[in-house]
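start.pdb (PDB, C-alpha atoms) appears below.
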```pdb
ATOM      1  CA  MET A   1      -1.063 231.637 122.661
ATOM      2  CA  THR A   2      -1.111 228.695 125.055
ATOM      3  CA  GLU A   3      -2.517 225.234 124.823
ATOM      4  CA  SER A   4      -5.223 226.051 127.346
ATOM      5  CA  GLU A   5      -6.422 229.023 125.240
ATOM      6  CA  SER A   6      -6.707 227.349 121.847
ATOM      7  CA  GLY A   7      -6.499 223.593 122.345
ATOM      8  CA  PRO A   8      -3.446 221.388 121.926
ATOM      9  CA  ALA A   9      -0.555 222.964 120.067
ATOM     10  CA  THR A  10       0.224 221.499 116.646
ATOM     11  CA  ILE A  11       3.442 221.366 114.673
ATOM     12  CA  ALA A  12       2.059 224.150 112.489
ATOM     13  CA  VAL A  13       1.453 226.369 115.527
ATOM     14  CA  ILE A  14       4.985 225.750 116.798
ATOM     15  CA  ALA A  15       6.469 226.440 113.346
ATOM     16  CA  ASP A  16       4.518 229.687 112.967
ATOM     17  CA  GLU A  17       5.529 230.918 116.414
ATOM     18  CA  VAL A  18       9.244 230.218 115.915
ATOM     19  CA  GLY A  19       9.266 231.339 112.284
ATOM     20  CA  VAL A  20      10.466 228.063 110.749
ATOM     21  CA  SER A  21       8.928 225.425 108.525
ATOM     22  CA  ALA A  22       6.828 222.561 109.845
ATOM     23  CA  ALA A  23       9.501 220.246 108.428
ATOM     24  CA  THR A  24      12.103 221.852 110.706
ATOM     25  CA  VAL A  25       9.892 221.332 113.762
ATOM     26  CA  SER A  26       9.397 217.729 112.695
ATOM     27  CA  LYS A  27      13.170 217.264 112.401
ATOM     28  CA  VAL A  28      13.634 218.532 115.976
ATOM     29  CA  LEU A  29      10.909 216.188 117.222
ATOM     30  CA  ASN A  30      12.555 213.250 115.469
ATOM     31  CA  GLY A  31      15.993 214.065 116.830
ATOM     32  CA  ARG A  32      17.504 214.849 113.456
ATOM     33  CA  ALA A  33      20.965 216.384 113.598
ATOM     34  CA  ASP A  34      20.597 218.617 110.499
ATOM     35  CA  VAL A  35      19.090 221.569 112.392
ATOM     36  CA  ALA A  36      21.175 224.548 113.504
ATOM     37  CA  ALA A  37      21.795 224.626 117.242
ATOM     38  CA  ARG A  38      20.145 228.033 117.751
ATOM     39  CA  THR A  39      17.106 227.026 115.718
ATOM     40  CA  ARG A  40      16.822 223.744 117.607
ATOM     41  CA  ALA A  41      16.961 225.612 120.923
ATOM     42  CA  ARG A  42      14.174 227.985 119.860
ATOM     43  CA  VAL A  43      11.988 225.110 118.693
ATOM     44  CA  GLU A  44      12.654 223.147 121.892
ATOM     45  CA  GLU A  45      11.754 226.217 123.962
ATOM     46  CA  SER A  46       8.443 226.607 122.121
ATOM     47  CA  LEU A  47       7.657 222.891 122.430
ATOM     48  CA  GLU A  48       8.352 223.054 126.145
ATOM     49  CA  ARG A  49       6.262 226.186 126.613
ATOM     50  CA  HIS A  50       3.273 224.593 124.900
ATOM     51  CA  GLY A  51       3.749 221.299 126.716
ATOM     52  CA  TYR A  52       3.834 219.531 123.344
ATOM     53  CA  ARG A  53       3.928 215.748 123.480
ATOM     54  CA  ARG A  54       3.857 213.572 120.410
ATOM     55  CA  ARG A  55       0.937 211.197 120.273
ATOM     56  CA  SER A  56       1.969 207.653 121.022
ATOM     57  CA  ARG A  57       1.514 205.156 118.207
ATOM     58  CA  ARG A  58       2.270 202.194 120.425
ATOM     59  CA  LEU A  59      -0.141 199.446 121.251
ATOM     60  CA  PRO A  60      -0.810 198.918 124.961
ATOM     61  CA  ALA A  61       0.839 195.489 124.897
ATOM     62  CA  VAL A  62       4.575 195.340 125.440
ATOM     63  CA  THR A  63       6.138 194.045 122.247
ATOM     64  CA  GLY A  64       9.456 194.853 120.627
ATOM     65  CA  HIS A  65      12.785 195.566 122.271
ATOM     66  CA  ILE A  66      14.532 197.760 124.803
ATOM     67  CA  ASP A  67      17.928 199.387 124.445
ATOM     68  CA  LEU A  68      20.346 198.372 127.226
ATOM     69  CA  VAL A  69      23.166 200.933 127.228
ATOM     70  CA  PHE A  70      26.328 200.394 129.314
ATOM     71  CA  HIS A  71      29.121 202.865 129.884
ATOM     72  CA  GLU A  72      31.175 199.715 129.174
ATOM     73  CA  PHE A  73      30.459 196.024 129.566
ATOM     74  CA  ASP A  74      33.768 194.160 129.668
ATOM     75  CA  SER A  75      33.272 192.822 133.193
ATOM     76  CA  ALA A  76      31.586 190.078 135.192
ATOM     77  CA  TRP A  77      29.448 192.787 136.807
ATOM     78  CA  ALA A  78      28.028 193.761 133.408
ATOM     79  CA  MET A  79      27.113 190.152 132.709
ATOM     80  CA  GLU A  80      25.216 190.040 136.002
ATOM     81  CA  VAL A  81      23.261 193.105 134.863
ATOM     82  CA  ILE A  82      22.405 191.410 131.552
ATOM     83  CA  HIS A  83      21.270 188.250 133.348
ATOM     84  CA  GLY A  84      19.066 190.314 135.669
ATOM     85  CA  VAL A  85      17.457 192.223 132.812
ATOM     86  CA  GLU A  86      16.910 189.089 130.722
ATOM     87  CA  ALA A  87      15.163 187.367 133.629
ATOM     88  CA  VAL A  88      12.438 189.992 133.232
ATOM     89  CA  THR A  89      12.428 190.656 129.485
ATOM     90  CA  ALA A  90      12.657 187.069 128.218
ATOM     91  CA  PRO A  91       9.335 185.896 129.762
ATOM     92  CA  ALA A  92       7.728 189.074 128.392
ATOM     93  CA  ARG A  93       9.107 188.259 124.897
ATOM     94  CA  VAL A  94      10.945 191.566 124.824
ATOM     95  CA  GLU A  95      14.333 191.571 123.078
ATOM     96  CA  LEU A  96      17.480 193.409 124.132
ATOM     97  CA  VAL A  97      19.721 195.615 122.024
ATOM     98  CA  VAL A  98      22.954 195.930 124.011
ATOM     99  CA  SER A  99      25.492 198.686 123.407
ATOM    100  CA  GLN A 100      28.281 200.481 125.256
ATOM    101  CA  LEU A 101      29.790 203.960 125.341
ATOM    102  CA  GLY A 102      33.453 202.943 125.533
ATOM    103  CA  GLY A 103      33.802 203.943 129.175
ATOM    104  CA  LYS A 104      32.084 207.335 128.806
ATOM    105  CA  HIS A 105      29.196 208.330 131.038
ATOM    106  CA  ARG A 106      27.275 210.416 128.492
ATOM    107  CA  PRO A 107      26.135 209.226 125.039
ATOM    108  CA  PRO A 108      27.527 211.115 122.018
ATOM    109  CA  PRO A 109      25.331 213.719 120.281
ATOM    110  CA  HIS A 110      24.210 211.337 117.499
ATOM    111  CA  TRP A 111      23.140 208.641 119.977
ATOM    112  CA  ALA A 112      19.526 209.770 120.260
ATOM    113  CA  ASP A 113      19.127 209.758 116.460
ATOM    114  CA  ASP A 114      20.156 206.092 116.363
ATOM    115  CA  VAL A 115      17.802 205.184 119.212
ATOM    116  CA  LEU A 116      14.860 206.998 117.689
ATOM    117  CA  GLY A 117      15.519 205.194 114.430
ATOM    118  CA  ARG A 118      15.142 201.847 116.226
ATOM    119  CA  SER A 119      11.981 202.991 118.078
ATOM    120  CA  PRO A 120      12.506 200.891 121.218
ATOM    121  CA  LEU A 121       9.937 200.355 123.950
ATOM    122  CA  GLY A 122      12.360 202.061 126.303
ATOM    123  CA  VAL A 123      15.993 202.636 127.214
ATOM    124  CA  LEU A 124      17.834 201.282 130.251
ATOM    125  CA  LEU A 125      21.058 203.193 130.966
ATOM    126  CA  VAL A 126      23.742 201.514 133.098
ATOM    127  CA  LEU A 127      26.223 203.757 134.925
ATOM    128  CA  CYS A 128      25.536 206.532 132.432
ATOM    129  CA  SER A 129      22.866 209.173 131.912
ATOM    130  CA  LEU A 130      21.460 211.487 129.257
ATOM    131  CA  THR A 131      21.995 215.137 128.495
ATOM    132  CA  ASP A 132      18.973 217.425 128.843
ATOM    133  CA  THR A 133      18.627 217.553 125.061
ATOM    134  CA  GLN A 134      18.665 213.759 124.754
ATOM    135  CA  ARG A 135      16.084 213.453 127.516
ATOM    136  CA  ARG A 136      13.761 215.821 125.695
ATOM    137  CA  GLN A 137      14.230 213.927 122.429
ATOM    138  CA  LEU A 138      13.130 210.659 124.029
ATOM    139  CA  GLU A 139      10.284 212.307 125.925
ATOM    140  CA  ARG A 140       8.912 213.847 122.711
ATOM    141  CA  GLN A 141       8.641 210.349 121.236
ATOM    142  CA  ARG A 142       7.234 208.929 124.492
ATOM    143  CA  ILE A 143      10.178 206.573 124.874
ATOM    144  CA  PRO A 144      10.655 205.977 128.619
ATOM    145  CA  PHE A 145      14.073 205.554 130.152
ATOM    146  CA  VAL A 146      15.401 204.263 133.464
ATOM    147  CA  VAL A 147      18.884 204.767 134.902
ATOM    148  CA  LEU A 148      20.673 201.919 136.715
ATOM    149  CA  ASP A 149      23.461 202.619 139.235
ATOM    150  CA  THR A 150      23.805 206.285 138.398
ATOM    151  CA  ASP A 151      27.077 208.028 137.722
ATOM    152  CA  SER A 152      25.806 211.289 139.177
ATOM    153  CA  ALA A 153      22.835 212.721 141.042
ATOM    154  CA  THR A 154      19.821 212.600 138.734
ATOM    155  CA  ALA A 155      16.719 214.740 138.679
ATOM    156  CA  ALA A 156      13.895 213.473 140.878
ATOM    157  CA  SER A 157      11.766 212.929 137.760
ATOM    158  CA  VAL A 158      14.223 210.396 136.265
ATOM    159  CA  PRO A 159      13.374 206.805 137.291
ATOM    160  CA  THR A 160      16.501 205.394 138.928
ATOM    161  CA  VAL A 161      17.451 202.073 140.524
ATOM    162  CA  GLY A 162      20.632 201.645 142.530
ATOM    163  CA  SER A 163      21.980 200.287 145.784
ATOM    164  CA  ASN A 164      23.000 201.884 149.054
ATOM    165  CA  ASN A 165      26.661 202.426 148.210
ATOM    166  CA  PHE A 166      27.357 204.481 151.326
ATOM    167  CA  ASN A 167      26.122 201.625 153.503
ATOM    168  CA  GLY A 168      28.221 199.166 151.486
ATOM    169  CA  GLY A 169      31.391 201.137 152.214
ATOM    170  CA  LEU A 170      30.371 201.441 155.855
ATOM    171  CA  LEU A 171      29.766 197.691 156.264
ATOM    172  CA  ALA A 172      33.041 196.691 154.587
ATOM    173  CA  THR A 173      35.154 199.050 156.680
ATOM    174  CA  ARG A 174      33.369 198.269 159.943
ATOM    175  CA  HIS A 175      34.087 194.578 159.334
ATOM    176  CA  LEU A 176      37.801 195.252 158.966
ATOM    177  CA  LEU A 177      37.830 197.497 162.037
ATOM    178  CA  GLU A 178      36.047 194.842 164.093
ATOM    179  CA  LEU A 179      38.768 192.368 163.094
ATOM    180  CA  GLY A 180      41.326 194.736 164.602
ATOM    181  CA  HIS A 181      42.675 196.501 161.493
ATOM    182  CA  ARG A 182      43.565 200.145 161.960
ATOM    183  CA  ARG A 183      45.505 200.906 158.784
ATOM    184  CA  ILE A 184      42.904 200.326 156.096
ATOM    185  CA  ALA A 185      43.183 201.475 152.480
ATOM    186  CA  VAL A 186      40.363 201.907 149.980
ATOM    187  CA  ILE A 187      40.487 201.588 146.201
ATOM    188  CA  SER A 188      37.327 202.852 144.547
ATOM    189  CA  GLY A 189      36.100 203.465 141.006
ATOM    190  CA  PRO A 190      36.361 206.677 138.977
ATOM    191  CA  GLN A 191      36.241 209.740 141.208
ATOM    192  CA  ASP A 192      33.648 211.446 138.984
ATOM    193  CA  VAL A 193      31.186 208.576 139.550
ATOM    194  CA  LEU A 194      28.724 208.997 142.396
ATOM    195  CA  CYS A 195      28.737 205.364 143.557
ATOM    196  CA  SER A 196      32.557 205.469 143.852
ATOM    197  CA  ARG A 197      32.455 208.537 146.065
ATOM    198  CA  ALA A 198      29.576 207.134 148.133
ATOM    199  CA  ARG A 199      31.553 203.970 148.954
ATOM    200  CA  VAL A 200      34.531 206.067 150.030
ATOM    201  CA  ALA A 201      32.201 208.227 152.134
ATOM    202  CA  GLY A 202      31.001 205.080 153.916
ATOM    203  CA  TYR A 203      34.629 204.072 154.482
ATOM    204  CA  ARG A 204      35.432 207.480 155.969
ATOM    205  CA  SER A 205      32.352 207.362 158.188
ATOM    206  CA  ALA A 206      33.341 203.969 159.636
ATOM    207  CA  LEU A 207      36.828 205.261 160.437
ATOM    208  CA  ASP A 208      35.326 208.369 162.016
ATOM    209  CA  GLU A 209      33.119 206.216 164.264
ATOM    210  CA  THR A 210      36.298 204.650 165.679
ATOM    211  CA  GLY A 211      38.081 207.976 165.986
ATOM    212  CA  LEU A 212      40.582 207.144 163.246
ATOM    213  CA  PRO A 213      41.612 209.772 160.689
ATOM    214  CA  ALA A 214      41.373 208.841 157.011
ATOM    215  CA  ASP A 215      44.893 208.935 155.606
ATOM    216  CA  PRO A 216      44.592 210.553 152.142
ATOM    217  CA  GLU A 217      47.538 208.427 150.968
ATOM    218  CA  LEU A 218      45.404 205.322 151.494
ATOM    219  CA  VAL A 219      42.458 206.550 149.406
ATOM    220  CA  ARG A 220      42.755 205.641 145.724
ATOM    221  CA  TYR A 221      40.482 205.939 142.679
ATOM    222  CA  GLY A 222      40.579 204.247 139.282
ATOM    223  CA  LEU A 223      38.617 201.970 137.018
ATOM    224  CA  PHE A 224      36.574 199.061 138.379
ATOM    225  CA  THR A 225      39.091 196.614 136.882
ATOM    226  CA  GLY A 226      41.566 194.011 138.031
ATOM    227  CA  HIS A 227      44.400 196.052 136.525
ATOM    228  CA  THR A 228      43.499 199.072 138.680
ATOM    229  CA  GLY A 229      43.413 196.870 141.774
ATOM    230  CA  TYR A 230      46.748 195.342 140.871
ATOM    231  CA  GLN A 231      48.528 198.661 140.218
ATOM    232  CA  HIS A 232      47.179 200.417 143.309
ATOM    233  CA  GLY A 233      47.782 197.267 145.336
ATOM    234  CA  LEU A 234      51.453 197.197 144.385
ATOM    235  CA  GLU A 235      51.852 200.879 145.275
ATOM    236  CA  LEU A 236      50.051 200.595 148.610
ATOM    237  CA  LEU A 237      51.720 197.389 149.727
ATOM    238  CA  ASP A 238      55.209 198.547 148.747
ATOM    239  CA  ARG A 239      55.001 201.540 151.086
ATOM    240  CA  PRO A 240      57.195 201.692 154.233
ATOM    241  CA  ASP A 241      53.932 201.694 156.256
ATOM    242  CA  PRO A 242      51.614 199.473 154.167
ATOM    243  CA  PRO A 243      47.977 198.890 155.081
ATOM    244  CA  THR A 244      46.995 195.638 156.753
ATOM    245  CA  ALA A 245      43.647 195.637 154.929
ATOM    246  CA  ILE A 246      42.270 196.964 151.644
ATOM    247  CA  PHE A 247      38.627 197.606 150.778
ATOM    248  CA  ALA A 248      38.211 197.489 146.983
ATOM    249  CA  GLY A 249      35.362 199.067 145.027
ATOM    250  CA  SER A 250      34.710 195.945 142.947
ATOM    251  CA  ASP A 251      35.441 192.236 143.104
ATOM    252  CA  MET A 252      37.685 192.576 140.056
ATOM    253  CA  GLN A 253      39.719 195.271 141.812
ATOM    254  CA  ALA A 254      39.943 193.029 144.879
ATOM    255  CA  MET A 255      41.280 190.141 142.796
ATOM    256  CA  GLY A 256      43.891 192.496 141.358
ATOM    257  CA  VAL A 257      44.897 193.461 144.908
ATOM    258  CA  ILE A 258      45.271 189.782 145.854
ATOM    259  CA  ARG A 259      47.496 189.214 142.832
ATOM    260  CA  ALA A 260      49.650 192.209 143.831
ATOM    261  CA  ALA A 261      49.962 190.847 147.370
ATOM    262  CA  ARG A 262      51.132 187.471 146.107
ATOM    263  CA  LYS A 263      53.665 189.114 143.793
ATOM    264  CA  LEU A 264      55.145 190.832 146.845
ATOM    265  CA  GLY A 265      55.234 187.571 148.796
ATOM    266  CA  LEU A 266      52.271 188.355 151.032
ATOM    267  CA  GLN A 267      49.536 185.921 151.969
ATOM    268  CA  VAL A 268      45.821 186.716 152.062
ATOM    269  CA  PRO A 269      44.444 186.919 154.704
ATOM    270  CA  ALA A 270      47.464 186.189 156.956
ATOM    271  CA  ASP A 271      49.376 189.319 155.877
ATOM    272  CA  LEU A 272      46.594 191.300 154.210
ATOM    273  CA  SER A 273      42.811 191.272 154.448
ATOM    274  CA  VAL A 274      40.857 192.149 151.311
ATOM    275  CA  VAL A 275      37.167 193.038 150.861
ATOM    276  CA  GLY A 276      35.569 193.349 147.435
ATOM    277  CA  TYR A 277      32.286 194.741 146.172
ATOM    278  CA  ASP A 278      29.471 193.314 143.966
ATOM    279  CA  ASN A 279      29.539 189.603 144.910
ATOM    280  CA  VAL A 280      29.896 188.365 141.341
ATOM    281  CA  PRO A 281      29.821 184.529 141.098
ATOM    282  CA  MET A 282      33.600 184.141 140.712
ATOM    283  CA  ALA A 283      34.143 185.849 144.087
ATOM    284  CA  ALA A 284      33.076 182.678 145.872
ATOM    285  CA  TRP A 285      35.256 180.448 143.686
ATOM    286  CA  SER A 286      38.565 182.303 143.569
ATOM    287  CA  ALA A 287      41.628 180.652 145.139
ATOM    288  CA  THR A 288      40.891 182.597 148.315
ATOM    289  CA  ALA A 289      37.110 182.989 148.515
ATOM    290  CA  LEU A 290      36.460 186.710 148.636
ATOM    291  CA  THR A 291      34.740 188.599 151.424
ATOM    292  CA  THR A 292      32.611 191.121 149.574
ATOM    293  CA  VAL A 293      29.657 193.480 149.650
ATOM    294  CA  ASP A 294      26.633 192.060 147.861
ATOM    295  CA  GLN A 295      24.660 194.777 146.117
ATOM    296  CA  HIS A 296      22.330 192.195 144.523
ATOM    297  CA  VAL A 297      23.193 193.214 140.978
ATOM    298  CA  GLN A 298      20.734 190.874 139.244
ATOM    299  CA  THR A 299      17.881 192.008 141.490
ATOM    300  CA  MET A 300      18.815 195.634 140.883
ATOM    301  CA  ALA A 301      18.850 195.106 137.109
ATOM    302  CA  GLY A 302      15.590 193.161 137.155
ATOM    303  CA  THR A 303      13.896 195.886 139.189
ATOM    304  CA  ALA A 304      14.991 198.496 136.652
ATOM    305  CA  ALA A 305      13.761 196.334 133.748
ATOM    306  CA  ARG A 306      10.345 195.833 135.365
ATOM    307  CA  MET A 307      10.072 199.562 135.970
ATOM    308  CA  LEU A 308      10.911 200.253 132.322
ATOM    309  CA  LEU A 309       8.352 197.766 130.985
ATOM    310  CA  ASP A 310       5.692 199.272 133.253
ATOM    311  CA  LEU A 311       6.462 202.729 131.895
ATOM    312  CA  ALA A 312       6.315 201.373 128.337
ATOM    313  CA  GLN A 313       2.763 200.177 129.063
ATOM    314  CA  GLY A 314       1.800 203.543 130.488
ATOM    315  CA  VAL A 315       1.764 202.270 134.080
ATOM    316  CA  PRO A 316       3.023 204.985 136.469
ATOM    317  CA  VAL A 317       5.795 203.886 138.830
ATOM    318  CA  PRO A 318       5.081 204.323 142.569
ATOM    319  CA  MET A 319       8.500 205.886 143.173
ATOM    320  CA  THR A 320      11.234 207.262 140.936
ATOM    321  CA  ARG A 321      14.219 206.325 143.118
ATOM    322  CA  ILE A 322      14.843 202.808 144.451
ATOM    323  CA  ASP A 323      17.968 201.958 146.464
ATOM    324  CA  LEU A 324      18.370 198.276 147.286
ATOM    325  CA  VAL A 325      19.984 197.100 150.509
ATOM    326  CA  THR A 326      23.653 196.064 150.544
ATOM    327  CA  GLU A 327      24.920 193.148 152.622
ATOM    328  CA  LEU A 328      28.357 191.945 153.694
ATOM    329  CA  VAL A 329      29.276 188.373 152.716
ATOM    330  CA  VAL A 330      32.164 187.141 154.866
ATOM    331  CA  ARG A 331      34.406 184.475 153.324
ATOM    332  CA  GLU A 332      38.129 183.640 153.529
ATOM    333  CA  SER A 333      39.929 186.821 152.455
ATOM    334  CA  THR A 334      39.614 188.658 155.780
ATOM    335  CA  ALA A 335      41.122 187.869 159.208
ATOM    336  CA  PRO A 336      42.607 189.738 162.185
ATOM    337  CA  PRO A 337      45.990 191.390 161.483
ATOM    338  CA  ARG A 338      49.099 189.495 162.626
ATOM    339  CA  SER A 339      49.723 191.901 165.488
ATOM    340  CA  SER A 340      46.294 191.288 167.042
TER     341      SER A 340
END
```
Transcribe the structure of this file into structure tokens.
Amino acid sequence: MTESESGPATIAVIADEVGVSAATVSKVLNGRADVAARTRARVEESLERHGYRRRSRRLPAVTGHIDLVFHEFDSAWAMEVIHGVEAVTAPARVELVVSQLGGKHRPPPHWADDVLGRSPLGVLLVLCSLTDTQRRQLERQRIPFVVLDTDSATAASVPTVGSNNFNGGLLATRHLLELGHRRIAVISGPQDVLCSRARVAGYRSALDETGLPADPELVRYGLFTGHTGYQHGLELLDRPDPPTAIFAGSDMQAMGVIRAARKLGLQVPADLSVVGYDNVPMAAWSATALTTVDQHVQTMAGTAARMLLDLAQGVPVPMTRIDLVTELVVRESTAPPRSS
């Protein structure tokens, strides 16, 4: 039996087909955890086959709150995201519920139950994404979601807003090459995060344009933190053949690199050029104003928030993937190497 043959499928039809109670089907629809995994899978399969969608009880007007979910938010970059989202939600009188996943890039199994219990207008995920099961749970309840700055390649159907990370890595490295640097290191974010790998790919491409090989010893990954920049900076700069320039995957990493350089008695940019990424406000006001890649974080976050509010009102988005332009902001932390 299909929906086209007998009209829209009901919970009773789904229950009868799977051989469970209507209450069990309802539990699956509501994201309840007290359903056996095999039973849940059978119910989900039947719901998918019938194209079942729960009727929306929402009013057309946007009222209520959205869930803003970070993989973690202990950084200046995260605050820029919050400011960008609030610039859109505050005038619309939409509140934010902010949470984090403790550095993980997938919510735990019980996460969807908590979200469904709050019944938000939508969910905005920052540097994290949902499992297939969690996606289906939100879709059943007609709760839209948008992903900001993805950690991995997402399905074309998932609304996503990011920036051109490959181009950012390309611009930063080209700038250092144009200054005359030939031994350039890169410190990026976690290796399992797509934006980290994309920035390194841009770095490699710029070196390739100049005919320079990428020395694997000069390619480092870690967290987007000052501590990571500091530790990798110490290791790179204490080598017998240290780099004359370092491209860091975040402004916080770059500031950690600068601290490491000073600990080793090096001056920035006289002995070492440093480029950051993000262009957070403090980058312009550090002791040595930081050359950095501006990925327009607030604009990126605001774009994602507007997309989410449109979806909450039932307005289809014209495109599901938006990548904002990245730009190089040249300040005081980069200069030609001493030998030039």
| task | Determine the residue set returned by the PyMOL selection byres ((chain A and resi 304) around 9) for the present structure, and present it as a list of chain:residue names. | result |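 That expression, the PyMOL selection byres ((chain A and resi 304) around 9), corresponds here to A:Val85, A:Leu124, A:Val146, A:Val147, A:Leu148, A:Pro159, A:Thr160, A:Val161, A:Gly162, A:Thr299, A:Met300, A:Ala301, A:Gly302, A:Thr303, A:Ala305, A:Arg306, A:Met307, A:Leu308, A:Leu309, A:Ile322.
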| request: Quote the spacing between atom CA of Glu327 of chain A and atom CA of Met255 of chain A in Å to one decimal place. | output: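 Interatomic distance, atom CA of Glu327 of chain A to atom CA of Met255 of chain A: 19.3 Å.
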| field | Selection dump of the PyMOL selection byres ((chain A and resi 213-217) around 12), as a ChimeraX atom specification | value | /A:173,182-187,200-212,218-221,232,235-237,239,241-243
Could you work out an axis-aligned bounding box for all listed atoms of segment 315-325 of chain A, with 6 Å added on each of the six sides, and give its centre and edge lengths in Å to one decimal, as lines of an AutoDock Vina configuration file?
```
center_x = 10.9
center_y = 202.2
center_z = 142.3
size_x = 30.2
size_y = 22.2
size_z = 28.4
```
| said: Using Å and a single decimal, report how far atom CA of Ser333 of chain A sits from atom CA of Ala261 of chain A. | reply: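 Pair atom CA of Ala261 of chain A / atom CA of Ser333 of chain A returns 11.9 Å.
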| field | Evaluate the PyMOL selection byres ((chain A and resi 68) around 9) and report residues as a VMD selection string | value | chain A and resid 66 to 67 69 to 70 82 85 96 to 100 122 to 126
| query | With distances taken over all atoms listed in the file, which of A:Ala248, A:Val20, A:Leu223, A:Leu177 is nearest to Asp74 of chain A? | reply |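 For Asp74 of chain A, the nearest of the given residues is A:Leu223.
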| query | If you count all atoms listed in the file, which residues fall within 10 Å of Val35 of chain A, apart from same-chain ones fewer than 6 positions away, as an NGL selection string? | reply | :A and (24-25 or 27-28 or 41)
| Quick one, how far is atom CA of Ser119 of chain A from atom CA of Ile143 of chain A? | 7.9 Å
| task | Rank nothing, just name the residue among A:Thr133, A:Ser157, A:Asn165, A:Gln267 nearest to Thr320 of chain A, using only C-alpha atoms. | result |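 With only C-alpha atoms as the atom set, the closest residue is A:Ser157.
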| So which one's closest to Ser273 of chain A, A:Pro190, A:Gly169, A:Pro336, A:Gly64? Using only C-alpha atoms, please. |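 Once distances to Ser273 of chain A are computed over only C-alpha atoms, the minimum belongs to A:Pro336.
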Test item: residues at most 10 Å from Arg118 of chain A, all atoms listed in the file, excluding those fewer than 2 positions along its chain, as a compact mmCIF listing (two decimals) with C-alpha atoms, in the coordinates of the input:
```txt
# COMPACT_ATOMS: atom_id res chain seq x y z
CA HIS A 65 12.78 195.57 122.27
CA ILE A 66 14.53 197.76 124.80
CA ASP A 67 17.93 199.39 124.44
CA VAL A 97 19.72 195.62 122.02
CA ALA A 112 19.53 209.77 120.26
CA ASP A 113 19.13 209.76 116.46
CA ASP A 114 20.16 206.09 116.36
CA VAL A 115 17.80 205.18 119.21
CA LEU A 116 14.86 207.00 117.69
CA PRO A 120 12.51 200.89 121.22
CA LEU A 121 9.94 200.36 123.95
```
